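Undergrad: Contents of coords.cif (mmCIF, C-alpha atoms) are below:
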```
data_model
#
loop_
_atom_site.label_atom_id
_atom_site.label_comp_id
_atom_site.auth_asym_id
_atom_site.auth_seq_id
_atom_site.Cartn_x
_atom_site.Cartn_y
_atom_site.Cartn_z
CA MET R 169 1.35 8.75 -8.49
CA ALA R 170 3.10 10.73 -5.75
CA PRO R 171 5.24 13.46 -7.33
CA ASP R 172 8.21 12.87 -5.00
CA LEU R 173 9.59 10.39 -2.50
CA GLU R 174 8.61 12.53 0.52
CA ASP R 175 4.94 12.51 -0.45
CA LYS R 176 5.14 8.81 -1.24
CA ALA R 177 6.55 8.13 2.23
CA GLU R 178 3.85 10.31 3.85
CA LEU R 179 1.16 8.36 2.04
CA ALA R 180 2.71 5.02 2.97
CA ALA R 181 2.79 6.12 6.62
CA MET R 182 -0.94 6.85 6.49
CA ALA R 183 -1.67 3.53 4.81
CA SER R 184 0.34 1.76 7.49
CA ARG R 185 -1.58 3.48 10.31
CA GLU R 186 -4.87 2.65 8.58
CA PHE R 187 -3.79 -0.97 8.36
CA GLY R 188 -3.41 -0.92 12.16
CA HIS R 189 -7.06 0.17 12.40
CA PHE R 190 -8.08 -2.63 10.06
CA VAL R 191 -6.32 -5.19 12.29
CA CYS R 192 -8.19 -3.97 15.41
CA LEU R 193 -11.57 -4.09 13.65
CA ARG R 194 -10.87 -7.50 12.12
CA ASP R 195 -9.89 -8.91 15.52
CA ARG R 196 -13.00 -7.45 17.13
CA LEU R 197 -15.21 -9.17 14.55
CA THR R 198 -13.44 -12.48 15.31
CA GLU R 199 -13.94 -11.84 19.04
CA LEU R 200 -17.66 -11.38 18.39
CA GLY R 201 -17.69 -14.80 16.72
CA ALA R 202 -17.89 -13.58 13.11
CA ASP R 203 -15.61 -14.45 10.21
CA PRO R 204 -14.40 -10.94 9.27
CA PHE R 205 -13.90 -11.81 5.60
CA GLU R 206 -17.28 -13.42 5.27
CA ALA R 207 -18.80 -10.46 7.06
CA MET R 208 -17.29 -8.06 4.52
CA GLN R 209 -18.13 -10.14 1.46
CA PRO R 210 -21.51 -8.49 0.75
CA PHE R 211 -19.82 -5.07 0.61
CA ARG R 212 -17.05 -6.10 -1.71
CA ALA R 213 -18.94 -5.56 -4.98
CA PRO R 214 -20.25 -2.05 -4.15
CA ILE R 215 -16.83 -0.99 -2.78
CA ASP R 216 -15.06 -2.35 -5.87
CA ALA R 217 -17.64 -0.64 -8.11
CA PHE R 218 -17.05 2.64 -6.30
CA HIS R 219 -13.32 2.39 -6.96
CA VAL R 220 -13.73 1.36 -10.60
CA HIS R 221 -16.02 4.35 -11.21
CA THR R 222 -13.75 6.79 -9.39
CA ALA R 223 -10.25 5.76 -10.46
CA PRO R 224 -8.17 8.94 -10.02
CA ARG R 225 -6.41 10.12 -13.19
CA ASP R 226 -3.65 11.90 -11.30
CA TRP R 227 -2.11 12.55 -7.91
CA LEU R 228 -4.44 15.46 -7.02
CA GLU R 229 -7.58 13.50 -7.87
CA GLY R 230 -6.18 10.71 -5.69
CA LEU R 231 -5.64 13.10 -2.78
CA VAL R 232 -9.13 14.60 -3.07
CA LYS R 233 -10.61 11.11 -3.28
CA ALA R 234 -8.75 9.98 -0.15
CA TYR R 235 -9.87 13.05 1.79
CA VAL R 236 -13.47 13.26 0.59
CA GLY R 237 -14.03 9.49 0.49
CA ASP R 238 -12.46 8.69 3.86
CA GLY R 239 -14.24 11.64 5.41
CA LEU R 240 -17.61 10.48 4.16
CA ALA R 241 -16.98 6.88 5.20
CA ALA R 242 -15.81 8.01 8.65
CA ASP R 243 -18.96 10.11 9.12
CA PHE R 244 -21.10 7.15 8.20
CA TYR R 245 -19.24 4.74 10.53
CA ARG R 246 -19.63 7.28 13.34
CA GLU R 247 -23.39 7.33 12.74
CA VAL R 248 -23.58 3.53 12.73
CA ALA R 249 -21.40 3.33 15.85
CA ALA R 250 -24.23 4.88 17.87
CA PHE R 251 -26.18 1.64 17.51
CA VAL R 252 -23.61 -1.00 18.52
CA ASP R 253 -22.29 -2.10 21.93
CA ALA R 254 -20.03 0.27 23.89
CA ASP R 255 -16.74 -1.66 23.36
CA THR R 256 -17.26 -1.92 19.62
CA ARG R 257 -18.30 1.74 19.49
CA GLU R 258 -15.10 2.83 21.22
CA LEU R 259 -13.04 0.74 18.80
CA ILE R 260 -14.81 2.24 15.78
CA ILE R 261 -14.35 5.80 17.05
CA ASP R 262 -10.64 5.12 17.75
CA SER R 263 -10.15 3.71 14.27
CA LEU R 264 -11.59 6.90 12.76
CA GLU R 265 -8.94 9.07 14.39
CA ASP R 266 -7.34 11.14 11.66
CA SER R 267 -3.95 9.67 10.74
CA GLY R 268 -2.66 13.00 9.49
CA GLN R 269 -4.34 12.70 6.09
CA ALA R 270 -6.47 15.80 6.47
CA GLU R 271 -3.68 18.30 7.03
CA PHE R 272 -1.49 16.72 4.35
CA VAL R 273 -4.18 16.68 1.67
CA VAL R 274 -5.52 20.16 2.44
CA ASP R 275 -1.98 21.56 2.18
CA ARG R 276 -1.17 19.85 -1.12
CA VAL R 277 -4.50 20.62 -2.80
CA ARG R 278 -4.52 24.28 -1.71
CA LYS R 279 -0.98 24.73 -2.99
CA ALA R 280 -1.90 23.17 -6.34
CA ILE R 281 -4.89 25.53 -6.71
CA GLU R 282 -2.73 28.52 -5.80
CA ALA R 283 -0.27 27.50 -8.51
CA ASP R 284 -2.99 27.04 -11.15
CA HIS R 285 -6.55 28.22 -10.56
CA ARG R 286 -8.04 25.97 -13.26
CA VAL R 287 -7.15 23.02 -11.01
CA GLY R 288 -9.82 24.22 -8.56
CA GLY R 289 -12.62 23.91 -11.12
CA ARG R 290 -11.57 20.47 -12.23
CA LEU R 291 -11.24 19.15 -8.67
CA ALA R 292 -14.57 20.66 -7.61
CA LEU R 293 -16.29 18.64 -10.36
CA TRP R 294 -14.33 15.60 -9.24
CA GLY R 295 -15.44 16.04 -5.61
CA ARG R 296 -19.08 16.21 -6.69
CA ARG R 297 -18.66 13.07 -8.76
CA LEU R 298 -17.14 11.23 -5.79
CA MET R 299 -20.06 12.20 -3.58
CA GLY R 300 -22.60 11.14 -6.21
CA GLU R 301 -20.94 7.79 -6.75
CA ALA R 302 -20.64 7.16 -3.00
CA LEU R 303 -24.33 7.92 -2.44
CA SER R 304 -25.33 5.70 -5.32
CA GLN R 305 -23.34 2.74 -3.96
CA ALA R 306 -24.63 3.43 -0.44
CA GLN R 307 -28.17 3.24 -1.77
CA ARG R 308 -27.38 -0.07 -3.40
CA VAL R 309 -26.04 -1.45 -0.11
CA ALA R 310 -29.00 -0.12 1.86
CA ALA R 311 -31.48 -1.66 -0.58
CA GLU R 312 -29.79 -5.06 -0.53
CA ARG R 313 -28.80 -5.29 3.12
CA ASP R 314 -31.74 -5.68 5.42
CA ALA R 315 -29.42 -6.22 8.40
CA LEU R 316 -27.82 -2.80 7.98
CA SER R 317 -31.14 -1.07 7.43
CA ALA R 318 -32.49 -2.87 10.48
CA LEU R 319 -29.50 -1.78 12.55
CA LEU R 320 -30.06 1.85 11.63
CA ALA R 321 -33.82 1.58 11.99
CA GLY R 322 -33.62 -0.13 15.41
CA GLY R 323 -35.75 -3.07 16.52
CA VAL R 324 -38.21 -4.26 19.13
CA ASP R 325 -35.62 -4.00 21.89
CA ARG R 326 -33.42 -1.20 20.54
CA PRO R 327 -34.03 2.37 19.56
CA GLY R 328 -33.10 3.27 16.00
CA MET R 329 -33.75 5.87 13.36
CA ASP R 330 -37.08 6.41 11.70
CA LEU R 331 -37.23 7.65 8.12
CA ALA R 332 -37.05 11.27 9.24
CA ALA R 333 -33.93 10.49 11.32
CA ILE R 334 -32.31 8.71 8.37
CA SER R 335 -33.05 11.70 6.20
CA ARG R 336 -31.44 13.97 8.82
CA MET R 337 -28.41 11.67 8.81
CA PHE R 338 -28.04 12.15 5.05
CA THR R 339 -28.30 15.90 5.57
CA ARG R 340 -25.48 15.72 8.13
CA LEU R 341 -23.32 13.66 5.75
CA THR R 342 -23.90 16.14 2.92
CA GLU R 343 -23.15 19.13 5.15
CA ASN R 344 -19.89 17.58 6.35
CA HIS R 345 -18.96 16.84 2.75
CA ALA R 346 -19.53 20.49 1.86
CA GLN R 347 -17.30 21.54 4.77
CA ARG R 348 -14.51 19.24 3.57
CA MET R 349 -14.75 20.62 0.04
CA ASP R 350 -14.57 24.11 1.54
CA ALA R 351 -11.44 23.16 3.54
CA LEU R 352 -9.83 22.11 0.24
CA GLY R 353 -10.78 25.46 -1.29
CA LEU R 354 -13.31 23.80 -3.60
CA ALA R 355 -16.94 24.70 -4.32
CA ALA R 356 -19.15 21.79 -3.15
CA MET X 169 -5.11 -7.91 -7.89
CA ALA X 170 -5.54 -10.20 -4.87
CA PRO X 171 -8.21 -12.81 -5.60
CA ASP X 172 -9.88 -12.52 -2.19
CA LEU X 173 -9.96 -10.34 0.89
CA GLU X 174 -7.83 -12.73 2.98
CA ASP X 175 -4.93 -12.51 0.52
CA LYS X 176 -5.40 -8.77 0.26
CA ALA X 177 -5.14 -8.46 4.04
CA GLU X 178 -2.03 -10.73 4.11
CA LEU X 179 -0.38 -8.54 1.51
CA ALA X 180 -1.31 -5.35 3.34
CA ALA X 181 0.20 -6.81 6.53
CA MET X 182 3.50 -7.45 4.73
CA ALA X 183 3.49 -3.95 3.23
CA SER X 184 2.88 -2.51 6.68
CA ARG X 185 5.80 -4.45 8.21
CA GLU X 186 8.03 -3.37 5.33
CA PHE X 187 7.04 0.22 5.95
CA GLY X 188 8.35 -0.21 9.51
CA HIS X 189 11.72 -1.22 8.05
CA PHE X 190 11.67 1.81 5.78
CA VAL X 191 11.12 4.10 8.77
CA CYS X 192 14.13 2.64 10.64
CA LEU X 193 16.41 3.00 7.62
CA ARG X 194 15.19 6.52 6.87
CA ASP X 195 15.79 7.58 10.48
CA ARG X 196 19.28 6.03 10.43
CA LEU X 197 20.18 8.06 7.35
CA THR X 198 18.99 11.21 9.11
CA GLU X 199 21.05 10.24 12.18
CA LEU X 200 24.09 9.93 9.93
CA GLY X 201 23.48 13.49 8.75
CA ALA X 202 22.09 12.63 5.33
CA ASP X 203 18.78 13.72 3.80
CA PRO X 204 17.22 10.29 3.14
CA PHE X 205 15.18 11.49 0.16
CA GLU X 206 18.12 13.24 -1.43
CA ALA X 207 20.21 10.13 -0.80
CA MET X 208 17.69 7.95 -2.65
CA GLN X 209 17.16 10.35 -5.54
CA PRO X 210 19.87 8.85 -7.81
CA PHE X 211 18.21 5.42 -7.54
CA ARG X 212 14.73 6.62 -8.32
CA ALA X 213 15.00 6.45 -12.12
CA PRO X 214 16.46 2.90 -12.29
CA ILE X 215 13.95 1.63 -9.69
CA ASP X 216 11.06 3.25 -11.55
CA ALA X 217 12.37 1.83 -14.84
CA PHE X 218 12.56 -1.64 -13.30
CA HIS X 219 8.91 -1.39 -12.24
CA VAL X 220 7.73 0.00 -15.58
CA HIS X 221 9.47 -2.86 -17.41
CA THR X 222 8.15 -5.53 -15.05
CA ALA X 223 4.56 -4.49 -14.38
CA PRO X 224 2.81 -7.75 -13.41
CA ARG X 225 -0.16 -8.65 -15.59
CA ASP X 226 -1.87 -10.67 -12.89
CA TRP X 227 -1.81 -11.72 -9.26
CA LEU X 228 0.63 -14.62 -9.74
CA GLU X 229 3.12 -12.50 -11.66
CA GLY X 230 2.85 -9.99 -8.84
CA LEU X 231 3.58 -12.65 -6.23
CA VAL X 232 6.58 -14.03 -8.14
CA LYS X 233 7.90 -10.50 -8.63
CA ALA X 234 7.59 -9.73 -4.91
CA TYR X 235 9.38 -12.94 -3.96
CA VAL X 236 12.11 -12.94 -6.61
CA GLY X 237 12.63 -9.18 -6.58
CA ASP X 238 12.69 -8.75 -2.80
CA GLY X 239 14.92 -11.80 -2.46
CA LEU X 240 17.44 -10.44 -4.93
CA ALA X 241 17.38 -6.97 -3.37
CA ALA X 242 17.81 -8.46 0.11
CA ASP X 243 20.81 -10.52 -1.04
CA PHE X 244 22.40 -7.43 -2.49
CA TYR X 245 21.79 -5.31 0.63
CA ARG X 246 23.31 -8.09 2.74
CA GLU X 247 26.43 -8.00 0.55
CA VAL X 248 26.67 -4.22 0.82
CA ALA X 249 26.08 -4.38 4.59
CA ALA X 250 29.48 -6.04 5.01
CA PHE X 251 31.13 -2.73 4.15
CA VAL X 252 29.31 -0.27 6.42
CA ASP X 253 29.65 0.46 10.17
CA ALA X 254 28.40 -2.13 12.67
CA ASP X 255 25.26 -0.24 13.80
CA THR X 256 24.10 0.39 10.26
CA ARG X 257 24.90 -3.20 9.35
CA GLU X 258 22.75 -4.54 12.18
CA LEU X 259 19.89 -2.28 11.12
CA ILE X 260 20.13 -3.43 7.49
CA ILE X 261 20.19 -7.10 8.49
CA ASP X 262 17.17 -6.58 10.79
CA SER X 263 15.25 -4.86 8.01
CA LEU X 264 15.81 -7.85 5.74
CA GLU X 265 14.07 -10.22 8.14
CA ASP X 266 11.40 -12.05 6.18
CA SER X 267 7.98 -10.59 6.98
CA GLY X 268 6.21 -13.82 6.09
CA GLN X 269 6.24 -13.14 2.35
CA ALA X 270 8.26 -16.20 1.45
CA GLU X 271 5.95 -18.81 2.90
CA PHE X 272 2.86 -17.05 1.62
CA VAL X 273 4.12 -16.67 -1.95
CA VAL X 274 5.58 -20.17 -2.19
CA ASP X 275 2.27 -21.63 -1.03
CA ARG X 276 0.13 -19.62 -3.48
CA VAL X 277 2.40 -20.16 -6.49
CA ARG X 278 2.81 -23.91 -5.90
CA LYS X 279 -0.96 -24.31 -5.55
CA ALA X 280 -1.54 -22.43 -8.80
CA ILE X 281 0.95 -24.65 -10.65
CA GLU X 282 -0.67 -27.77 -9.20
CA ALA X 283 -4.03 -26.55 -10.46
CA ASP X 284 -2.70 -25.76 -13.97
CA HIS X 285 0.75 -26.89 -15.10
CA ARG X 286 0.96 -24.35 -17.93
CA VAL X 287 1.18 -21.68 -15.24
CA GLY X 288 4.63 -23.05 -14.32
CA GLY X 289 6.04 -22.43 -17.80
CA ARG X 290 4.69 -18.92 -17.99
CA LEU X 291 5.96 -17.96 -14.52
CA ALA X 292 9.40 -19.49 -15.17
CA LEU X 293 9.79 -17.16 -18.17
CA TRP X 294 8.57 -14.31 -16.02
CA GLY X 295 11.15 -15.08 -13.30
CA ARG X 296 13.95 -15.02 -15.87
CA ARG X 297 12.73 -11.72 -17.23
CA LEU X 298 12.67 -10.22 -13.72
CA MET X 299 16.26 -11.32 -13.10
CA GLY X 300 17.43 -9.97 -16.46
CA GLU X 301 15.76 -6.61 -15.90
CA ALA X 302 17.14 -6.36 -12.33
CA LEU X 303 20.69 -7.07 -13.52
CA SER X 304 20.38 -4.56 -16.32
CA GLN X 305 19.23 -1.80 -13.93
CA ALA X 306 21.91 -2.80 -11.41
CA GLN X 307 24.54 -2.39 -14.13
CA ARG X 308 23.17 1.04 -14.94
CA VAL X 309 23.41 2.04 -11.27
CA ALA X 310 26.92 0.61 -10.91
CA ALA X 311 28.11 2.44 -14.02
CA GLU X 312 26.67 5.77 -12.91
CA ARG X 313 27.41 5.61 -9.20
CA ASP X 314 31.03 5.85 -8.38
CA ALA X 315 30.25 6.03 -4.66
CA LEU X 316 28.54 2.64 -4.66
CA SER X 317 31.26 1.03 -6.76
CA ALA X 318 33.86 2.55 -4.45
CA LEU X 319 32.03 1.19 -1.40
CA LEU X 320 32.04 -2.32 -2.83
CA ALA X 321 35.59 -2.02 -4.11
CA GLY X 322 36.94 -0.66 -0.82
CA GLY X 323 39.41 2.22 -0.52
CA VAL X 324 42.77 3.24 0.79
CA ASP X 325 41.67 2.69 4.38
CA ARG X 326 39.04 -0.03 3.93
CA PRO X 327 39.06 -3.50 2.49
CA GLY X 328 36.67 -4.06 -0.39
CA MET X 329 36.05 -6.39 -3.28
CA ASP X 330 38.34 -6.66 -6.26
CA LEU X 331 36.90 -7.55 -9.66
CA ALA X 332 37.14 -11.28 -8.91
CA ALA X 333 35.25 -10.78 -5.63
CA ILE X 334 32.55 -8.75 -7.38
CA SER X 335 32.21 -11.49 -9.94
CA ARG X 336 31.85 -14.05 -7.10
CA MET X 337 29.17 -11.84 -5.57
CA PHE X 338 27.19 -11.94 -8.84
CA THR X 339 27.57 -15.72 -8.85
CA ARG X 340 26.13 -15.87 -5.30
CA LEU X 341 23.21 -13.61 -6.31
CA THR X 342 22.46 -15.78 -9.32
CA GLU X 343 22.66 -19.00 -7.30
CA ASN X 344 20.30 -17.66 -4.66
CA HIS X 345 17.92 -16.58 -7.41
CA ALA X 346 17.96 -20.13 -8.82
CA GLN X 347 17.20 -21.49 -5.35
CA ARG X 348 14.22 -19.18 -4.99
CA MET X 349 12.87 -20.19 -8.40
CA ASP X 350 13.29 -23.79 -7.31
CA ALA X 351 11.37 -23.13 -4.08
CA LEU X 352 8.50 -21.81 -6.21
CA GLY X 353 8.62 -24.97 -8.32
CA LEU X 354 9.94 -23.01 -11.33
CA ALA X 355 12.86 -23.77 -13.64
CA ALA X 356 15.43 -20.95 -13.28
#
```
Write out the structure in this file as structure tokens.

TA:
Amino acid sequence: MAPDLEDKAELAAMASREFGHFVCLRDRLTELGADPFEAMQPFRAPIDAFHVHTAPRDWLEGLVKAYVGDGLAADFYREVAAFVDADTRELIIDSLEDSGQAEFVVDRVRKAIEADHRVGGRLALWGRRLMGEALSQAQRVAAERDALSALLAGGVDRPGMDLAAISRMFTRLTENHAQRMDALGLAA
Amino acid sequence: MAPDLEDKAELAAMASREFGHFVCLRDRLTELGADPFEAMQPFRAPIDAFHVHTAPRDWLEGLVKAYVGDGLAADFYREVAAFVDADTRELIIDSLEDSGQAEFVVDRVRKAIEADHRVGGRLALWGRRLMGEALSQAQRVAAERDALSALLAGGVDRPGMDLAAISRMFTRLTENHAQRMDALGLAA
């Protein structure tokens, strides 16, 4: 949906860098003795559902989705990273390094709003819908995945988050989302 | 459209390697003093038209398209490479190195035909349609682009192909296409 070849190339560059992150994470899972594809299987349905329910209708919706969705996912992975071993944590944090998306998307979206103010209203609604859909799928995962809940909640030998801490985590995620919407020039 | 995460990851790996080739070619164009995006602009419409007319309806059609289409394009670039300077030629040839697509596609398509022989008939038709559409867009480009025709045909100071040589080139392209269809287990 990119309007020109330059933007298409920029987007492909980001995708290529993100693929590099995927490779590192996949290899780490193998190193830890897991089958990376089996490990991801339980998350396939909610991730697919998220994408089906938030298929962008145009280039700008796609950009906002990439920025808002990746940002939210990155925040969540950063939270989870606090509870895994140091090597894995470092790898996760490295893989969340911004591949240049943020600046690119903010620039394109702000320019589009400058050119036509109605775009801002439409994309603000879109951003809220993305957040709602993400939270709803996250809830589904949390409800179905005891292992993930247990990781966040800690265990006999590990500290974790109690319900109040989990609630504070959701507050942090929501606040960061609002900041990203603000960066795009959109009302959260 | 990949049926599982393993195939999706394989495909993403190929796309990522291909993006590396794109970067080298883009940078070479810049080195030669051209704007790579401007240089590609005249080919955008025929390439887009090719994709609109050959949108795969499922995973197998997508695989056959990748294999047959990339193969044909690679053959053509190899032909053109004979007429450019040595450095550019080397870069083009390097960028055509198979990124593992061939083996992957041949394996998946042959397995699908083994599992259901009707698939072979459908994909054979599809392969012919891809070739027809590619030739028709190539003709459009050749007719509209004097520079490309001139490159192939040579000039006052450079050897090139006469009409008979161009016709032999089309024969080579068609023969290679038939070989690829054969490798997939499809009647050309």

Undergrad: Choose the residue, out of R:Leu320, R:Ala311, R:Met169, R:Ala181, that has the smallest atom-to-atom separation from chain X; count only C-alpha atoms.

TA: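 Using only C-alpha atoms, the shortest distance to chain X belongs to R:Ala181.
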
Undergrad: Taking all atoms listed in the file into account, report as a list in words which residues of chain R lie within 7 Å of chain X.

TA: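 Here is what falls inside 7 Å: Leu173, Glu174, Ser184 and Phe205 of chain R.
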
Undergrad: Just to be explicit: take each residue in the selection above, keep C-alpha atoms, and write the result as an mmCIF file, in the coordinates of the input.

TA:
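Okay, this is what ended up in again-v7.cif:
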```cif
data_model
loop_
_atom_site.group_PDB
_atom_site.id
_atom_site.type_symbol
_atom_site.label_atom_id
_atom_site.label_comp_id
_atom_site.auth_asym_id
_atom_site.auth_seq_id
_atom_site.Cartn_x
_atom_site.Cartn_y
_atom_site.Cartn_z
ATOM 1 C CA LEU R 173 9.590 10.390 -2.500
ATOM 2 C CA GLU R 174 8.610 12.530 0.520
ATOM 3 C CA SER R 184 0.340 1.760 7.490
ATOM 4 C CA PHE R 205 -13.900 -11.810 5.600
#
```

Undergrad: Where does the PyMOL selection byres ((chain R and resi 330-336) around 12) land in this file, that is, which residues does it pick, as a list in words?

TA: Phe244, Glu247, Val248, Ala310, Ser317, Ala318, Leu319, Leu320, Ala321, Gly322, Gly323, Pro327, Gly328, Met329, Met337, Phe338, Thr339, Arg340, Leu341, Thr342 and Glu343 of chain R

Undergrad: Might you pull out every residue within 10 Å of range 312-315 of chain R, with all atoms listed in the file counted and same-chain residues fewer than 6 positions away left off, and present them as a ChimeraX atom specification?

TA: /R:210-211,306,321

Undergrad: Please produce a file of the residues just selected, as a PDB file, in the coordinates of the input, where the atoms kept are C-alpha atoms.

TA:
```pdb
ATOM      1  CA  PRO R 210     -21.510  -8.490   0.750  1.00  0.00           C
ATOM      2  CA  PHE R 211     -19.820  -5.070   0.610  1.00  0.00           C
ATOM      3  CA  ALA R 306     -24.630   3.430  -0.440  1.00  0.00           C
ATOM      4  CA  ALA R 321     -33.820   1.580  11.990  1.00  0.00           C
TER       5      ALA R 321
END
```

Undergrad: Pick the closest to Asp255 in chain R from R:Ala223, R:Ala207, R:Leu291, R:Leu200: which is it, counting only C-alpha atoms?

TA: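 Among R:Ala223, R:Ala207, R:Leu291, R:Leu200, it is R:Leu200 that comes nearest to Asp255 in chain R.
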
Undergrad: Within 9 Å of Val236 in chain X, counting all atoms listed in the file, which residues qualify if same-chain residues fewer than 6 places away don't, as a list in words?

TA: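 Contacts, with the query itself left out: Gly295, Leu298, Met299, His345, Arg348 and Met349 of chain X.
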
Undergrad: Residues around (17.5, -6.3, -14.6), cut-off 12 Å, counting only C-alpha atoms - what are they as a ChimeraX atom specification?

TA: /X:214-222,236-237,240-241,295-309,342

Undergrad: Have a look at R:Lys233, R:Ala250, R:Glu178, R:Asp262 and name the one nearest to Leu193 in chain R; count only C-alpha atoms.

TA: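 Among the listed residues, the smallest separation from Leu193 in chain R belongs to R:Asp262.
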
Undergrad: Counting only C-alpha atoms, I want the residues whose atoms come within 10 Å of (0.3, -17.3, -8.5) in the file frame, returned as a PyMOL selection string.

TA: chain X and resi 170+226-232+273-281+287-288+291+352

Undergrad: Would you save the residues of that selection, restricted to C-alpha atoms, as a PDB file, keeping the file's coordinate frame?

TA:
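Writing done, so here's again.pdb:
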```
ATOM      1  CA  ALA X 170      -5.540 -10.200  -4.870  1.00  0.00           C
ATOM      2  CA  ASP X 226      -1.870 -10.670 -12.890  1.00  0.00           C
ATOM      3  CA  TRP X 227      -1.810 -11.720  -9.260  1.00  0.00           C
ATOM      4  CA  LEU X 228       0.630 -14.620  -9.740  1.00  0.00           C
ATOM      5  CA  GLU X 229       3.120 -12.500 -11.660  1.00  0.00           C
ATOM      6  CA  GLY X 230       2.850  -9.990  -8.840  1.00  0.00           C
ATOM      7  CA  LEU X 231       3.580 -12.650  -6.230  1.00  0.00           C
ATOM      8  CA  VAL X 232       6.580 -14.030  -8.140  1.00  0.00           C
ATOM      9  CA  VAL X 273       4.120 -16.670  -1.950  1.00  0.00           C
ATOM     10  CA  VAL X 274       5.580 -20.170  -2.190  1.00  0.00           C
ATOM     11  CA  ASP X 275       2.270 -21.630  -1.030  1.00  0.00           C
ATOM     12  CA  ARG X 276       0.130 -19.620  -3.480  1.00  0.00           C
ATOM     13  CA  VAL X 277       2.400 -20.160  -6.490  1.00  0.00           C
ATOM     14  CA  ARG X 278       2.810 -23.910  -5.900  1.00  0.00           C
ATOM     15  CA  LYS X 279      -0.960 -24.310  -5.550  1.00  0.00           C
ATOM     16  CA  ALA X 280      -1.540 -22.430  -8.800  1.00  0.00           C
ATOM     17  CA  ILE X 281       0.950 -24.650 -10.650  1.00  0.00           C
ATOM     18  CA  VAL X 287       1.180 -21.680 -15.240  1.00  0.00           C
ATOM     19  CA  GLY X 288       4.630 -23.050 -14.320  1.00  0.00           C
ATOM     20  CA  LEU X 291       5.960 -17.960 -14.520  1.00  0.00           C
ATOM     21  CA  LEU X 352       8.500 -21.810  -6.210  1.00  0.00           C
TER      22      LEU X 352
END
```

Undergrad: Work out how far CA of Ile260 in chain X is from CA of Gly239 in chain X, in Å to one decimal.

TA: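 Computed distance, CA of Gly239 in chain X to CA of Ile260 in chain X, equals 14.0 Å.
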
Undergrad: Measure the distance from CA of Arg196 in chain X to CA of Thr256 in chain X in Å and round it to one decimal.

TA: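 We find that CA of Arg196 in chain X and CA of Thr256 in chain X lie 7.4 Å from each other.
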
Undergrad: Any idea what the distance is between CA of Tyr235 in chain R and CA of Ala213 in chain R?

TA: 21.8 Å

Undergrad: Hey, could you pull the box centre and edge lengths for range 178-183 of chain X, axis-aligned, 6 Å padding per side, all listed atoms, to one decimal in Å, as lines of an AutoDock Vina configuration file?

TA:
```
center_x = 0.7
center_y = -7.3
center_z = 4.0
size_x = 17.5
size_y = 18.8
size_z = 17.0
```
